[in-house]
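Novice: Dropping in data-v7.cif, which is mmCIF, C-alpha atoms:
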```cif
data_run
loop_
_atom_site.label_atom_id
_atom_site.label_comp_id
_atom_site.auth_asym_id
_atom_site.auth_seq_id
_atom_site.Cartn_x
_atom_site.Cartn_y
_atom_site.Cartn_z
CA MET A 17 -3.31 18.14 -15.96
CA LYS A 18 -2.55 16.85 -12.49
CA PRO A 19 -3.03 13.10 -12.00
CA GLN A 20 -6.37 12.48 -10.32
CA VAL A 21 -6.21 10.36 -7.16
CA LEU A 22 -9.16 8.63 -5.50
CA VAL A 23 -8.54 8.06 -1.78
CA LEU A 24 -11.15 5.48 -0.82
CA ARG A 25 -12.28 5.23 2.79
CA ALA A 26 -14.70 3.13 4.81
CA ALA A 27 -15.89 2.95 8.40
CA GLY A 28 -12.75 2.72 10.54
CA THR A 29 -10.33 4.20 8.00
CA ASN A 30 -8.18 6.79 9.79
CA CYS A 31 -5.30 7.70 7.46
CA ASP A 32 -7.25 9.12 4.53
CA VAL A 33 -6.43 12.78 5.29
CA GLU A 34 -2.68 12.11 5.54
CA THR A 35 -2.73 10.02 2.36
CA ALA A 36 -4.57 12.71 0.40
CA TYR A 37 -2.13 15.33 1.72
CA ALA A 38 0.83 13.21 0.57
CA PHE A 39 -0.47 13.08 -2.99
CA GLY A 40 -1.15 16.81 -3.04
CA LEU A 41 2.40 17.40 -1.82
CA VAL A 42 3.86 15.78 -4.96
CA GLY A 43 1.60 17.47 -7.50
CA ALA A 44 -1.44 15.19 -7.77
CA GLU A 45 -5.10 16.12 -7.20
CA PRO A 46 -6.63 13.94 -4.47
CA THR A 47 -10.33 13.31 -3.86
CA THR A 48 -11.52 11.42 -0.78
CA LEU A 49 -14.63 9.29 -1.18
CA HIS A 50 -16.53 6.82 0.97
CA VAL A 51 -16.74 3.35 -0.56
CA ASN A 52 -20.55 3.49 -0.46
CA ARG A 53 -20.54 6.43 -2.86
CA LEU A 54 -18.34 4.49 -5.28
CA ARG A 55 -20.52 1.42 -5.03
CA GLU A 56 -23.51 3.59 -5.96
CA ARG A 57 -21.67 4.86 -9.06
CA PRO A 58 -18.81 2.45 -9.94
CA ALA A 59 -18.10 4.34 -13.17
CA LEU A 60 -16.66 7.20 -11.06
CA LEU A 61 -13.45 5.20 -10.95
CA ARG A 62 -12.94 6.00 -14.64
CA ASP A 63 -12.23 9.63 -13.71
CA PHE A 64 -9.07 8.71 -11.78
CA GLN A 65 -5.57 7.55 -12.62
CA ILE A 66 -4.59 6.49 -9.09
CA LEU A 67 -6.55 4.57 -6.45
CA ALA A 68 -5.35 4.73 -2.85
CA ILE A 69 -6.72 2.61 -0.01
CA PRO A 70 -5.35 4.07 3.23
CA GLY A 71 -4.58 2.56 6.59
CA GLY A 72 -6.78 2.25 9.63
CA PHE A 73 -9.12 -0.42 10.95
CA SER A 74 -11.84 -0.78 8.33
CA TYR A 75 -14.99 -2.18 9.94
CA GLY A 76 -13.09 -2.69 13.17
CA ASP A 77 -10.95 -5.45 11.63
CA ASP A 78 -13.86 -7.82 12.26
CA VAL A 79 -13.51 -11.30 10.73
CA ALA A 80 -9.96 -10.45 9.56
CA SER A 81 -8.19 -7.20 8.76
CA GLY A 82 -9.33 -5.85 5.39
CA ARG A 83 -11.64 -8.77 4.59
CA ILE A 84 -14.97 -6.92 4.74
CA PHE A 85 -13.66 -3.94 2.75
CA ALA A 86 -12.22 -6.35 0.16
CA ASN A 87 -15.54 -8.17 -0.17
CA GLU A 88 -17.32 -4.85 -0.63
CA LEU A 89 -15.00 -3.94 -3.49
CA LEU A 90 -15.33 -7.32 -5.18
CA ALA A 91 -19.12 -7.42 -4.88
CA GLY A 92 -19.77 -3.79 -5.73
CA ILE A 93 -17.11 -2.66 -8.20
CA GLY A 94 -15.12 -5.78 -9.11
CA ASP A 95 -15.47 -5.29 -12.86
CA GLU A 96 -14.56 -1.60 -12.66
CA LEU A 97 -11.50 -2.42 -10.56
CA GLN A 98 -10.36 -4.96 -13.12
CA ALA A 99 -10.88 -2.47 -15.95
CA PHE A 100 -9.04 0.22 -13.97
CA VAL A 101 -5.93 -1.95 -13.69
CA GLU A 102 -6.12 -3.12 -17.29
CA ARG A 103 -6.23 0.42 -18.68
CA GLY A 104 -3.04 1.38 -16.83
CA GLY A 105 -4.32 2.66 -13.50
CA TYR A 106 -2.03 2.92 -10.49
CA ALA A 107 -3.06 1.71 -7.02
CA ILE A 108 -1.55 1.73 -3.55
CA GLY A 109 -2.76 0.02 -0.39
CA ILE A 110 -1.16 1.10 2.87
CA CYS A 111 -1.33 -1.15 5.96
CA ASN A 112 -5.06 -1.95 6.14
CA GLY A 113 -5.21 -0.98 2.47
CA PHE A 114 -2.54 -3.58 1.71
CA GLN A 115 -4.64 -6.17 3.52
CA VAL A 116 -7.63 -5.11 1.40
CA LEU A 117 -5.75 -5.43 -1.91
CA VAL A 118 -4.38 -8.86 -0.97
CA LYS A 119 -7.73 -10.21 0.16
CA ALA A 120 -9.43 -8.79 -2.92
CA GLY A 121 -6.96 -10.71 -5.11
CA LEU A 122 -5.43 -7.54 -6.63
CA LEU A 123 -2.10 -8.48 -5.06
CA PRO A 124 0.12 -10.24 -5.84
CA ARG A 125 -1.79 -11.27 -9.03
CA LEU A 126 0.58 -14.03 -10.14
CA ALA A 127 0.41 -14.43 -13.93
CA GLY A 128 -2.72 -12.29 -13.93
CA ASP A 129 -4.61 -14.76 -11.71
CA ARG A 130 -7.18 -12.98 -9.53
CA SER A 131 -7.14 -15.70 -6.86
CA GLN A 132 -5.79 -14.93 -3.40
CA HIS A 133 -2.26 -16.37 -3.35
CA ALA A 134 -1.08 -14.78 -0.10
CA THR A 135 -2.40 -13.27 3.09
CA LEU A 136 -1.51 -10.85 5.85
CA THR A 137 -2.09 -12.45 9.20
CA ASP A 138 -1.31 -12.15 12.92
CA ASN A 139 2.14 -10.95 13.92
CA THR A 140 4.25 -13.81 15.26
CA SER A 141 4.58 -11.85 18.53
CA GLY A 142 0.83 -12.09 19.01
CA ILE A 143 0.66 -8.38 19.87
CA TYR A 144 -0.05 -5.10 18.12
CA THR A 145 3.22 -3.51 17.00
CA ASP A 146 3.81 0.25 16.79
CA ARG A 147 7.44 1.17 15.96
CA TRP A 148 9.83 2.47 13.32
CA VAL A 149 11.59 0.08 10.95
CA ARG A 150 14.26 0.24 8.25
CA LEU A 151 13.42 -0.91 4.72
CA THR A 152 15.05 -1.41 1.35
CA GLY A 153 13.14 -1.17 -1.92
CA ASP A 154 13.53 -2.96 -5.23
CA ALA A 155 12.75 -0.67 -8.18
CA THR A 156 13.13 -3.42 -10.79
CA ARG A 157 9.39 -3.67 -11.41
CA CYS A 158 7.47 -1.53 -8.93
CA ALA A 159 6.55 1.96 -10.16
CA TRP A 160 6.21 3.22 -6.59
CA ILE A 161 9.84 2.48 -5.64
CA PRO A 162 12.38 5.10 -6.85
CA ASP A 163 15.60 3.31 -5.91
CA ALA A 164 17.26 0.86 -3.52
CA ALA A 165 18.14 3.38 -0.80
CA GLU A 166 17.38 2.30 2.76
CA VAL A 167 14.60 4.29 4.40
CA GLU A 168 12.82 4.47 7.74
CA LEU A 169 9.06 4.35 8.17
CA PRO A 170 6.65 3.67 11.05
CA VAL A 171 4.53 0.53 11.28
CA ALA A 172 1.38 0.06 13.35
CA HIS A 173 -0.46 -3.24 12.96
CA GLY A 174 -1.50 -6.48 14.58
CA GLU A 175 -1.94 -8.50 11.37
CA GLY A 176 1.04 -7.54 9.23
CA ARG A 177 2.78 -10.86 8.63
CA PHE A 178 2.98 -11.59 4.90
CA LEU A 179 2.44 -15.30 4.41
CA ALA A 180 2.36 -17.46 1.28
CA ALA A 181 3.41 -20.90 0.09
CA PRO A 182 7.14 -21.31 -0.60
CA GLU A 183 6.55 -21.61 -4.34
CA VAL A 184 4.61 -18.32 -4.33
CA ILE A 185 7.38 -16.55 -2.41
CA ALA A 186 9.93 -17.88 -4.90
CA GLN A 187 7.86 -16.74 -7.86
CA LEU A 188 7.39 -13.27 -6.40
CA GLY A 189 11.14 -12.96 -5.93
CA ALA A 190 11.90 -14.18 -9.44
CA ASN A 191 9.35 -11.77 -10.94
CA GLY A 192 10.70 -8.75 -9.07
CA GLN A 193 7.37 -8.37 -7.27
CA VAL A 194 8.89 -8.17 -3.78
CA ALA A 195 9.06 -4.38 -3.85
CA LEU A 196 9.98 -3.70 -0.22
CA ARG A 197 11.75 -5.69 2.49
CA TYR A 198 12.47 -5.05 6.14
CA SER A 199 16.18 -4.54 6.71
CA ALA A 200 17.97 -7.18 8.78
CA GLY A 201 16.83 -7.15 12.38
CA THR A 202 13.85 -4.82 11.93
CA ASN A 203 11.13 -7.24 10.75
CA PRO A 204 8.30 -6.34 13.18
CA ASN A 205 5.84 -9.13 12.42
CA GLY A 206 7.63 -12.27 11.21
CA SER A 207 6.81 -11.77 7.53
CA THR A 208 8.19 -14.49 5.27
CA ALA A 209 11.47 -13.41 3.62
CA ASP A 210 11.20 -10.05 5.43
CA ILE A 211 8.55 -8.94 2.92
CA ALA A 212 7.12 -5.50 3.72
CA GLY A 213 5.49 -4.74 0.36
CA VAL A 214 4.70 -6.36 -2.98
CA CYS A 215 3.50 -5.20 -6.39
CA ASP A 216 1.52 -6.88 -9.13
CA PRO A 217 3.14 -8.02 -12.42
CA SER A 218 2.53 -4.61 -14.00
CA GLY A 219 4.37 -2.84 -11.17
CA ARG A 220 1.55 -0.28 -10.93
CA VAL A 221 -0.42 -1.88 -8.07
CA PHE A 222 1.54 -1.76 -4.81
CA GLY A 223 0.82 -2.65 -1.21
CA LEU A 224 2.95 -2.14 1.89
CA MET A 225 2.51 -2.48 5.64
CA PRO A 226 4.64 0.53 6.72
CA HIS A 227 3.06 4.00 6.63
CA PRO A 228 4.79 6.39 4.18
CA GLU A 229 2.05 8.98 4.73
CA ARG A 230 3.13 9.29 8.38
CA PHE A 231 6.64 10.43 7.49
CA LEU A 232 6.26 13.36 5.12
CA ARG A 233 8.09 15.99 7.17
CA TRP A 234 11.39 15.56 8.99
CA GLU A 235 9.62 16.63 12.19
CA ASN A 236 7.57 13.40 12.03
CA HIS A 237 10.71 11.41 12.87
CA PRO A 238 11.23 10.54 16.57
CA ARG A 239 14.89 11.66 16.37
CA TRP A 240 14.30 14.87 14.43
CA THR A 241 15.92 17.02 17.14
CA ARG A 242 18.99 14.77 17.45
CA GLU A 243 19.96 14.17 13.82
CA PRO A 244 20.85 16.48 10.91
CA ARG A 245 17.75 18.01 9.39
CA ARG A 246 16.47 16.55 6.11
CA ALA A 247 14.44 18.39 3.50
CA GLU A 248 11.55 15.91 3.78
CA GLY A 249 10.50 12.61 5.27
CA ASP A 250 11.28 9.29 3.60
CA GLY A 251 7.62 8.60 2.87
CA VAL A 252 7.36 11.32 0.21
CA ARG A 253 9.56 9.38 -2.20
CA PHE A 254 6.95 6.63 -2.79
CA PHE A 255 4.18 9.04 -3.76
CA ARG A 256 6.51 11.14 -5.89
CA ALA A 257 7.85 8.10 -7.78
CA ALA A 258 4.40 7.00 -8.93
CA VAL A 259 3.07 10.46 -9.71
CA SER A 260 6.23 11.36 -11.66
CA ARG A 261 6.04 8.20 -13.75
CA LEU A 262 2.36 8.69 -14.41
CA SER A 263 2.96 12.32 -15.43
CA ALA A 264 5.93 11.56 -17.72
#
```
Will you turn the file into structure tokens for me?
Specialist:
Amino acid sequence: MKPQVLVLRAAGTNCDVETAYAFGLVGAEPTTLHVNRLRERPALLRDFQILAIPGGFSYGDDVASGRIFANELLAGIGDELQAFVERGGYAIGICNGFQVLVKAGLLPRLAGDRSQHATLTDNTSGIYTDRWVRLTGDATRCAWIPDAAEVELPVAHGEGRFLAAPEVIAQLGANGQVALRYSAGTNPNGSTADIAGVCDPSGRVFGLMPHPERFLRWENHPRWTREPRRAEGDGVRFFRAAVSRLSA
């Protein structure tokens, strides 16, 4: 059977269609659901193997990006989320979804601790950033990273700077939990140690600020008419890596 994917949206989410399409492209079966429906029936999460929280501006980024959505998850389905991860579920948070996972304590989950050890805060530039960046992955632990090849993806955020205490950053590096870094000179937000994405200790829960769902076709790239054509966009590889491992 195809892996079942729950794409969870809220007011202000705007990348749910693209995220669902990306999973369908690599052989999974996506279902898009509003968070209120899941809070009414938290046990619905048991029907899925992958949880995806897409990008956008949930609840208008009021208070802080992702904070309200994170609080909704913790208050409404916190126990089901914990059980989902413990039974081997995969999860991805993209941009605003990454902010949600961090502020809900699902990332980086040092030594299984559900406390919030890091945050995603205002870009050092003080402005919203919308551009393409180069990135390098570390597949040592993260199930969503296929290899260490450099890729290009777009970013679009105002609060994308990954920030944590020096000892937390060191521990993440030692554990192989820094799954994605901005290549030299392309860090768009001032993230500590050029961190663009992290995973939890299991490697199955992954969050990243760049948008893989926005680069699924070569035609999505701004230089697609000036460079040799590729079979697909770089973003596909992240979805395929997780779905392939889950299906193996």
Novice: To one decimal place, how far is atom CA of A:Met225 from atom CA of A:Ala80 in Å?
Specialist: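 About the pair atom CA of A:Met225 and atom CA of A:Ala80: they are 15.3 Å apart.
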Novice: As a ChimeraX atom specification, please: the residues near A:Asn191 (cut-off 12 Å, only C-alpha atoms, same-chain neighbours under 2 positions excluded).
Specialist: /A:124-127,154-158,184-189,193-195,214-219
Novice: Tell me which protein, DNA and RNA residues are within 7 Å of A:Pro162, counting all atoms listed in the file, leaving out same-chain ones fewer than 3 positions away, and put them as a ChimeraX atom specification.
Specialist: /A:155,253-254,257
Novice: Save out the residues we just selected, C-alpha atoms, as a PDB file, keeping the file's coordinate frame.
Specialist:
```
ATOM      1  CA  ALA A 155      12.750  -0.670  -8.180  1.00  0.00           C
ATOM      2  CA  ARG A 253       9.560   9.380  -2.200  1.00  0.00           C
ATOM      3  CA  PHE A 254       6.950   6.630  -2.790  1.00  0.00           C
ATOM      4  CA  ALA A 257       7.850   8.100  -7.780  1.00  0.00           C
TER       5      ALA A 257
END
```
Novice: Please return as number ranges by chain every residue within 6 Å of (3.9, 6.5, 7.0), taking into account all atoms listed in the file and the file's own coordinates.
Specialist: A: 169-170, 227-231, 251
Novice: I need the residues from that last selection saved to file as a PDB file, keeping the file's coordinate frame (with C-alpha atoms), if you can.
Specialist:
```
ATOM      1  CA  LEU A 169       9.060   4.350   8.170  1.00  0.00           C
ATOM      2  CA  PRO A 170       6.650   3.670  11.050  1.00  0.00           C
ATOM      3  CA  HIS A 227       3.060   4.000   6.630  1.00  0.00           C
ATOM      4  CA  PRO A 228       4.790   6.390   4.180  1.00  0.00           C
ATOM      5  CA  GLU A 229       2.050   8.980   4.730  1.00  0.00           C
ATOM      6  CA  ARG A 230       3.130   9.290   8.380  1.00  0.00           C
ATOM      7  CA  PHE A 231       6.640  10.430   7.490  1.00  0.00           C
ATOM      8  CA  GLY A 251       7.620   8.600   2.870  1.00  0.00           C
TER       9      GLY A 251
END
```
Novice: A:Ala164, A:Ile93, A:Ala36, A:Ala212: which is nearest A:Asn52, counting all atoms listed in the file?
Specialist: A:Ile93
Novice: Would you please work out which residue, of A:Gly92, A:Pro226, A:Pro58, A:Gly201, is nearest to A:Thr145 when using all atoms listed in the file?
Specialist: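 Among the listed residues, A:Pro226 lies closest to A:Thr145.
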Novice: Report as a list in words the residues that result from applying the PyMOL selection byres ((chain A and resi 249) around 6) to the structure here.
Specialist: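 Evaluating the PyMOL selection byres ((chain A and resi 249) around 6) on this file yields Phe231, Leu232, Arg233, Trp234, Glu248, Asp250 and Gly251 of chain A.
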Novice: Quick one: residues within 6 Å of stretch 46-48 of chain A, only C-alpha atoms counted, chain neighbours fewer than 6 positions away excluded, as an MDAnalysis selection string?
Specialist: chainID A and resid 21:24 36
Novice: I need the residues from that last selection saved to file as a short mmCIF file (atom, residue, chain, number, x, y, z; two decimals), in the coordinates of the input (with C-alpha atoms), if you can.
Specialist:
```cif
data_model
loop_
_atom_site.label_atom_id
_atom_site.label_comp_id
_atom_site.auth_asym_id
_atom_site.auth_seq_id
_atom_site.Cartn_x
_atom_site.Cartn_y
_atom_site.Cartn_z
CA VAL A 21 -6.21 10.36 -7.16
CA LEU A 22 -9.16 8.63 -5.50
CA VAL A 23 -8.54 8.06 -1.78
CA LEU A 24 -11.15 5.48 -0.82
CA ALA A 36 -4.57 12.71 0.40
#
```
Novice: Evaluate the PyMOL selection byres ((chain A and resi 89) around 12) here and jot the selected residues down as a ChimeraX atom specification.
Specialist: /A:24-26,50-56,58,61,69,82-88,90-98,113,116-122
Novice: My structure is short of atoms at stretch 24-39 of chain A; please model N, CA and C atoms there, returning them as a PDB file, in the coordinates of the input.
Specialist:
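part-v9.pdb, written as the output of this step:
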```
ATOM      1  N   LEU A  24      -9.900   6.175  -1.159  1.00  0.00           N
ATOM      2  CA  LEU A  24     -11.150   5.480  -0.820  1.00  0.00           C
ATOM      3  C   LEU A  24     -11.159   5.094   0.654  1.00  0.00           C
ATOM      4  N   ARG A  25     -12.204   5.521   1.357  1.00  0.00           N
ATOM      5  CA  ARG A  25     -12.280   5.230   2.790  1.00  0.00           C
ATOM      6  C   ARG A  25     -13.535   4.418   3.105  1.00  0.00           C
ATOM      7  N   ALA A  26     -13.539   3.870   4.307  1.00  0.00           N
ATOM      8  CA  ALA A  26     -14.700   3.130   4.810  1.00  0.00           C
ATOM      9  C   ALA A  26     -14.785   3.381   6.306  1.00  0.00           C
ATOM     10  N   ALA A  27     -15.796   2.828   6.951  1.00  0.00           N
ATOM     11  CA  ALA A  27     -15.890   2.950   8.400  1.00  0.00           C
ATOM     12  C   ALA A  27     -14.631   2.380   9.041  1.00  0.00           C
ATOM     13  N   GLY A  28     -13.965   3.170   9.867  1.00  0.00           N
ATOM     14  CA  GLY A  28     -12.750   2.720  10.540  1.00  0.00           C
ATOM     15  C   GLY A  28     -11.464   3.173   9.888  1.00  0.00           C
ATOM     16  N   THR A  29     -11.517   3.641   8.638  1.00  0.00           N
ATOM     17  CA  THR A  29     -10.330   4.200   8.000  1.00  0.00           C
ATOM     18  C   THR A  29      -9.912   5.451   8.766  1.00  0.00           C
ATOM     19  N   ASN A  30      -8.594   5.603   9.029  1.00  0.00           N
ATOM     20  CA  ASN A  30      -8.180   6.790   9.790  1.00  0.00           C
ATOM     21  C   ASN A  30      -6.930   7.472   9.235  1.00  0.00           C
ATOM     22  N   CYS A  31      -6.484   7.076   8.051  1.00  0.00           N
ATOM     23  CA  CYS A  31      -5.300   7.700   7.460  1.00  0.00           C
ATOM     24  C   CYS A  31      -5.602   8.354   6.121  1.00  0.00           C
ATOM     25  N   ASP A  32      -6.879   8.575   5.832  1.00  0.00           N
ATOM     26  CA  ASP A  32      -7.250   9.120   4.530  1.00  0.00           C
ATOM     27  C   ASP A  32      -6.786  10.566   4.349  1.00  0.00           C
ATOM     28  N   VAL A  33      -6.840  11.381   5.403  1.00  0.00           N
ATOM     29  CA  VAL A  33      -6.430  12.780   5.290  1.00  0.00           C
ATOM     30  C   VAL A  33      -4.932  12.875   5.014  1.00  0.00           C
ATOM     31  N   GLU A  34      -4.133  12.100   5.747  1.00  0.00           N
ATOM     32  CA  GLU A  34      -2.680  12.110   5.540  1.00  0.00           C
ATOM     33  C   GLU A  34      -2.309  11.608   4.150  1.00  0.00           C
ATOM     34  N   THR A  35      -3.026  10.584   3.673  1.00  0.00           N
ATOM     35  CA  THR A  35      -2.730  10.020   2.360  1.00  0.00           C
ATOM     36  C   THR A  35      -3.059  11.032   1.258  1.00  0.00           C
ATOM     37  N   ALA A  36      -4.201  11.688   1.381  1.00  0.00           N
ATOM     38  CA  ALA A  36      -4.570  12.710   0.400  1.00  0.00           C
ATOM     39  C   ALA A  36      -3.549  13.848   0.419  1.00  0.00           C
ATOM     40  N   TYR A  37      -3.121  14.256   1.603  1.00  0.00           N
ATOM     41  CA  TYR A  37      -2.130  15.330   1.720  1.00  0.00           C
ATOM     42  C   TYR A  37      -0.824  14.935   1.029  1.00  0.00           C
ATOM     43  N   ALA A  38      -0.413  13.681   1.183  1.00  0.00           N
ATOM     44  CA  ALA A  38       0.830  13.210   0.570  1.00  0.00           C
ATOM     45  C   ALA A  38       0.775  13.332  -0.949  1.00  0.00           C
ATOM     46  N   PHE A  39      -0.348  12.974  -1.543  1.00  0.00           N
ATOM     47  CA  PHE A  39      -0.470  13.080  -2.990  1.00  0.00           C
ATOM     48  C   PHE A  39      -0.481  14.542  -3.442  1.00  0.00           C
TER      49      PHE A  39
END
```
